[in-house]
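One structure is given here, and the rest of the page talks about it.
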Amino acid sequence: MNLSPDKKIAGILVPLFALRGQDDLGIGDIGALREFIDWTAEIGFKVIQLLPINETGTDNSPYNAISALAIEPTTLQLGPGSPEDLTDEDFDATIASFDLRKLRNDGVKYRHVKNLKRLLLEKAFTNFSARASEVRQSGFRKFCEEEAAWLHDYAFFRVLMEGNDDSPAWNRWPVRHQSIQRARIWLHDLPADQQAAITDRQHFFCYVQWIAHQQWRAIKSYAEERGVALMGDIPFGVSYHSADVFARPDEFVLDWAGGAPPEPYFKDDAFTQKWGQNWGIPLYHWDRMRSNNFEWWRERVRAVQRIFHLFRIDHVLGFYRIYAFPWRPRKNKQFLPLDWHQMLEQTGGRAPHFVPRDDDTAENCEANKRDGEEYLRVALEEAGATRVIGEDLGAVPNYVRPNLRSLGIAGFKIPQWEVRDGQVTPGHKYERLSVATYATHDHKPIRALWEEAFERPTPTSEQSRFDLAKIALFGGFDPNLDKVDFEKDFYPAIMEALFKSNAWIAIVMITDLLARNYRFNVPGTTGSENWTRRMQRSVAELRSSGKMEARMRLIHDLLEKTGRK
């Protein structure tokens with residue numbers, strides 16, 4: 001598999017939860033991914049880009065995980081014999097109490113799906129504990145030893161979560177549980193039988209991660225056999241309510257919340273336009289991380305590097321400087337109507353700002369660049385030969401992209417955002433060390449833009465027409481699209497323009513590939529549909545659809561024509 005930027009390739013971005021597999025249990029999993037790899041390879045794509053696969057919390061956001069290292073259990077393929085400790089009888093008895101037809105319909109029903117998969121894994125663990133061979137027991141012990149730097153603290157955190165209504169909000173647990181040191185003292189003082197029960201439960205959570213690592217390493221090998229690379233994703237931040245913050249609180253700044261500055265582009269959300277995006281992630285005590293040679297960051301990179309062929313760092317700008325809020329996201333509605341002076345009254349004079357410093361002087365820019373480069377070199381050192389991509393979108397300081405290129409990190413090119421002196425940058429002028437795409441998981445699909453612009457007026461129709469005009473120019477069209485047919489003219493032209501670009505990787509979001517209008521996430525919002533939307537058709541149905549076959553034949557021919565196949 002050639003992942004050198006010398007060879008241009010193309011890929012598909014798809015959230016794993018959105019895939020529909022032949023035997024899934026209400027959410028896309030490794031089984032569905034295996035089917036998708038086959039379909040992807042047949043078309044001619046060489047990359048599948050996934051969102052983070054770390055264990056999620058109550059908001060189900062892959063970018064707000066409760067662990068930066070643990071894998072989300074719902075990604076696992078669970079069925080008779082998978083894992084091998086799960087018997088046919090146990091599987092059938094467990095799923096009998098669930099309505100699988102209802103579970104598979106519409107969006108992901110996380111509470112039910114997580115409950116079902118947890119019950120299946122508990123059955124498997126019980127069987128493993130009772131009768132696993134010495135070889136398997138030895139393999140489990142070896143895994144626990146190799147991952148000890150994070151695994152045991154994570155497992156303890158998960159046990160404490162269970163004892164606190166499955167809430168990861170450790171700062172709202174009983175005082176005896178609110179720090180890992182206090183919790184260990186509490187555990188030590190328990191009767192022996194209760195300690196043993198907690199130890200067994202910790203072993204269960206370790207077992208789940210062992211199975212997860214086995215399945216993900218196996219799917220990586222399968223993708224290699226099909227000539228497809230898997231692209232992972234490391235979010236810049238981690239949830240305030242995470243095992244990482246709970247176990248290593250001294251390495252995080254907990255009285256500020258990280259996010260992004262005001263962004264007029266995302267017109268769906270008034271708070272984002274006025275104040276910015278408040279993600280609620282804690283900031284880093286970089287000096288303390290430096291004192292232990294950035295151990296936590298090195299663990300994160302090693303974890304993703306073992307499972308993926310290349311990976312993206314989300315919000316790579318955060319390594320240079322990050323926008324910080326003096327309030328947690330739950331207070332966003334309270335601050336939305338306030339002006340600047342009213343906000344300062346509420347915060348005691350603390351205002352949103354860039355940390356560690358803004359870019360208002362040349363000295364600050366140089367210091368931010370120096371810091372970012374130091375931290376990114378740590379990630380590159382652990383990545384080794386694994387290619388790294390940096391999501392460098394938003395308000396980008398002018399020193400960031402040259403610095404990323406000097407480090408060998410590919411940045412992003414969104415054609416409708418690549419405008420200089422009022423002119424859309426043509427694809428042949430893109431740096432080879434870049435990833436070109438019309439949309440990330442945060443953007444509206446092109447079909448949705450088209451409908452807003454020409455078929456159903458909305459408050460954001462003007463913005464949609466503006467974006468489409470720039471995409472049209474990139475694709476070689478007159479920006480006046482009123483008489484252009486989307487399927488016959490626009491879709492083929494913009495796909496060809498993307499593939500013809502000089503970018504190393506051309507990525508097509510699955511909704512754009514299929515010309516669908518639904519979204520997976522609306523930035524800055526906490527809507528109930530975020531991270532739940534699934535594809536309308538299963539992978540098998542995509543393969544058997546005559547209309548889809550014709551569309552993919554077009555894509556196959558374009559990939560071949562543009563030298564990306």
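By convention here, the chains of the structure tokens are called A, B, ... in the order presented, each chain's residues are numbered starting at 1, and ligands are numbered starting at 1 in the order presented.
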Write out as a tab-separated table a residue-level contact list of range 335-404 of chain A versus range 225-243 of chain A with cut-off 10 Å: for each qualifying residue the closest pair of atoms and the distance in Å to one decimal, counting only C-alpha atoms, rows sorted by chain and residue number upward.
```
residue	atom	partner	partner_atom	distance
A:Arg387	CA	A:Met231	CA	9.4
A:Val388	CA	A:Met231	CA	9.4
A:Ile389	CA	A:Asp233	CA	9.1
A:Gly390	CA	A:Asp233	CA	9.7
A:Glu391	CA	A:Pro235	CA	9.8
```
Residues from the last selection, N, CA and C atoms, saved as a tab-separated table (two decimals), in the first residue's frame:
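Wrote it out as part-v6.tsv, contents follow:
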```tsv
chain	number	residue	atom	x	y	z
A	387	ARG	N	1.76	8.21	8.54
A	387	ARG	CA	1.53	9.57	8.04
A	387	ARG	C	0.55	10.34	8.93
A	388	VAL	N	0.83	11.63	9.14
A	388	VAL	CA	0.01	12.47	10.00
A	388	VAL	C	-0.59	13.61	9.19
A	389	ILE	N	-1.86	13.88	9.43
A	389	ILE	CA	-2.59	14.95	8.75
A	389	ILE	C	-3.12	15.90	9.82
A	390	GLY	N	-3.06	17.19	9.57
A	390	GLY	CA	-3.52	18.17	10.54
A	390	GLY	C	-4.75	18.91	10.03
A	391	GLU	N	-5.83	18.89	10.82
A	391	GLU	CA	-7.03	19.64	10.45
A	391	GLU	C	-6.78	21.10	10.82
```
*Can you list, as a PyMOL selection string, every protein, DNA or RNA residue that comes within 8 Å of range 357-373 of chain A when you count only C-alpha atoms, leaving out same-chain residues fewer than 3 positions away?*
chain A and resi 319-321+353-354+376-377+397+399-400+403+407
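Candidate residues A:Asp153, A:Phe466, A:His309, A:Glu122 were compared for distance to Arg184 in chain A, and the nearest is A:Asp153, using only C-alpha atoms.
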*Long-range neighbours of range 136-147 of chain A as a PyMOL selection string, 12 Å cut-off, only C-alpha atoms, 3 positions minimum in chain*: chain A and resi 69-70+83-85+125+127-133+150-155+202-214+299-300+302-303
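Residue nearest Tyr518 in chain A, chosen from A:Ala469, A:Ile198, A:Ala18, A:Val355 and counting only C-alpha atoms: A:Ala18.
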Might you pull out every residue within 12 Å of Phe486 in chain A, with only C-alpha atoms counted and same-chain residues fewer than 2 positions away left off, and present them as a PDB file with C-alpha atoms, in the first residue's frame?
```pdb
ATOM      1  CA  ILE A 446     -23.396  19.691  -1.121  1.00  0.00           C
ATOM      2  CA  ARG A 447     -26.851  18.341  -1.908  1.00  0.00           C
ATOM      3  CA  ALA A 448     -28.196  20.168   1.181  1.00  0.00           C
ATOM      4  CA  LEU A 449     -26.563  23.396  -0.010  1.00  0.00           C
ATOM      5  CA  TRP A 450     -28.188  22.903  -3.429  1.00  0.00           C
ATOM      6  CA  GLU A 451     -31.664  22.370  -1.956  1.00  0.00           C
ATOM      7  CA  ALA A 453     -30.092  27.545  -2.622  1.00  0.00           C
ATOM      8  CA  PHE A 454     -32.599  26.530  -5.312  1.00  0.00           C
ATOM      9  CA  GLU A 455     -35.378  24.334  -3.955  1.00  0.00           C
ATOM     10  CA  LEU A 468     -22.040  26.771  -4.338  1.00  0.00           C
ATOM     11  CA  ALA A 472     -18.837  25.998  -9.253  1.00  0.00           C
ATOM     12  CA  LEU A 481     -26.183  27.877 -11.408  1.00  0.00           C
ATOM     13  CA  ASP A 482     -29.904  28.513 -11.837  1.00  0.00           C
ATOM     14  CA  LYS A 483     -30.167  26.425 -15.020  1.00  0.00           C
ATOM     15  CA  VAL A 484     -27.608  23.755 -14.146  1.00  0.00           C
ATOM     16  CA  LYS A 488     -26.327  15.503 -14.896  1.00  0.00           C
ATOM     17  CA  ASP A 489     -23.884  18.413 -14.846  1.00  0.00           C
ATOM     18  CA  PHE A 490     -22.853  19.674 -11.411  1.00  0.00           C
ATOM     19  CA  TYR A 491     -22.130  16.435  -9.542  1.00  0.00           C
ATOM     20  CA  PRO A 492     -19.789  14.888 -12.167  1.00  0.00           C
ATOM     21  CA  ALA A 493     -17.930  18.149 -12.726  1.00  0.00           C
ATOM     22  CA  ILE A 494     -17.195  18.923  -9.086  1.00  0.00           C
ATOM     23  CA  MET A 495     -16.119  15.331  -8.387  1.00  0.00           C
ATOM     24  CA  ALA A 515     -25.660  12.950  -3.106  1.00  0.00           C
ATOM     25  CA  ARG A 516     -27.653  12.927   0.130  1.00  0.00           C
TER      26      ARG A 516
END
```
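Between CA of Pro523 in chain A and CA of Arg456 in chain A lies a distance of 22.0 Å.
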*Identify, with DSSP run on backbone atoms, the residues in range 102-250 of chain A assigned to alpha helix (DSSP H), and express the list as a PyMOL selection string.*
chain A and resi 102-104+110-131+134-146+148-162+180-188+192-225+243-247
*Counting only C-alpha atoms, which of A:Arg172, A:Ala506, A:Phe156, A:Asp244 gets nearest to Leu187 in chain A?*
A:Phe156
*asked:* Using only C-alpha atoms for the distances, tell me which of A:Met289, A:Leu78, A:Asp90, A:Ile510 is nearest to Gln536 in chain A.
replied: A:Ile510
*asked:* Nearest residue to Gln463 in chain A out of A:Arg182, A:Glu541, A:Phe157, A:Pro264, using only C-alpha atoms?
replied: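 Nearest candidate to Gln463 in chain A out of A:Arg182, A:Glu541, A:Phe157, A:Pro264: A:Pro264.
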All strand (DSSP E or B) residues (DSSP, backbone) inside range 252-305 of chain A, as a PDB file with C-alpha atoms, in the first residue's frame:
```
ATOM      1  CA  PHE A 252      -4.930  19.769  32.798  1.00  0.00           C
ATOM      2  CA  VAL A 253      -6.160  23.335  33.345  1.00  0.00           C
ATOM      3  CA  LEU A 254      -9.678  22.864  34.654  1.00  0.00           C
ATOM      4  CA  ASP A 255     -10.921  26.424  35.171  1.00  0.00           C
ATOM      5  CA  TRP A 256     -10.892  27.323  31.472  1.00  0.00           C
ATOM      6  CA  ALA A 257     -12.776  25.623  28.623  1.00  0.00           C
ATOM      7  CA  GLY A 258     -11.159  25.209  25.217  1.00  0.00           C
ATOM      8  CA  GLY A 259     -12.889  25.942  21.928  1.00  0.00           C
ATOM      9  CA  ALA A 260     -12.662  28.142  18.847  1.00  0.00           C
ATOM     10  CA  GLN A 277     -17.428  27.353  19.869  1.00  0.00           C
ATOM     11  CA  ASN A 278     -17.163  26.408  23.536  1.00  0.00           C
ATOM     12  CA  TRP A 279     -16.252  22.714  23.494  1.00  0.00           C
ATOM     13  CA  GLY A 280     -15.695  22.532  27.228  1.00  0.00           C
ATOM     14  CA  ILE A 281     -12.411  20.635  26.887  1.00  0.00           C
ATOM     15  CA  PRO A 282      -9.828  21.357  29.596  1.00  0.00           C
ATOM     16  CA  LEU A 283      -6.622  23.080  28.532  1.00  0.00           C
ATOM     17  CA  TYR A 284      -3.209  21.478  28.953  1.00  0.00           C
TER      18      TYR A 284
END
```
Residue contacts of Ile505 in chain A (7 Å, only C-alpha atoms) excluding same-chain residues fewer than 2 positions away, as a short mmCIF file (atom, residue, chain, number, x, y, z; two decimals) with N, CA and C atoms, in the first residue's frame:
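Generated file (selection.cif):
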```
data_model
loop_
_atom_site.label_atom_id
_atom_site.label_comp_id
_atom_site.auth_asym_id
_atom_site.auth_seq_id
_atom_site.Cartn_x
_atom_site.Cartn_y
_atom_site.Cartn_z
N LYS A 8 -1.00 10.13 -5.78
CA LYS A 8 -2.29 10.70 -5.44
C LYS A 8 -3.32 9.58 -5.25
N ILE A 9 -4.13 9.71 -4.19
CA ILE A 9 -5.15 8.72 -3.89
C ILE A 9 -6.44 9.43 -3.47
N ALA A 10 -7.49 8.66 -3.31
CA ALA A 10 -8.78 9.23 -2.91
C ALA A 10 -9.41 8.35 -1.84
N SER A 434 -1.33 17.89 0.97
CA SER A 434 -2.60 18.42 1.46
C SER A 434 -3.70 17.40 1.21
N VAL A 435 -4.82 17.60 1.89
CA VAL A 435 -6.01 16.76 1.75
C VAL A 435 -7.14 17.66 1.30
N ALA A 436 -7.70 17.38 0.14
CA ALA A 436 -8.77 18.22 -0.41
C ALA A 436 -10.12 17.55 -0.19
N ALA A 503 -3.79 17.83 -4.76
CA ALA A 503 -3.72 17.34 -3.38
C ALA A 503 -3.38 15.85 -3.35
N ILE A 507 -10.71 13.56 -0.46
CA ILE A 507 -11.68 12.87 0.40
C ILE A 507 -13.09 13.33 0.04
#
```
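For range 20-26 of chain A, the list of residues within 8 Å, based on only C-alpha atoms and with local chain neighbours fewer than 5 positions off taken out, reads Gly31, Ala32, Leu33, Glu35, Gln77, Leu100, Leu103, Arg104, Asn105, Val108, Lys109, Val113, Arg534, Met535, Arg537, Ser538, Val539 and Ala540 of chain A.
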*What does the distance from CA of Val396 in chain A to CA of Ser501 in chain A come to in Å, to one decimal?*
21.9 Å
*Can you work out the spacing between CA of Trp504 in chain A and CA of Gly422 in chain A in Å, to one decimal?*
25.0 Å
*asked:* From the options A:Thr75, A:Lys117, A:Arg551, A:Pro52, which residue's atoms come nearest to Ile95 in chain A, counting only C-alpha atoms?
replied: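 For Ile95 in chain A, the nearest of the given residues is A:Lys117.
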_I'd like the neighbourhood of Thr425 in chain A as a PyMOL selection string, where a residue qualifies if any of its atoms comes within 10 Å (using only C-alpha atoms), though same-chain residues fewer than 2 positions away should be ignored._
chain A and resi 413+415-423+427-430+470+473-474
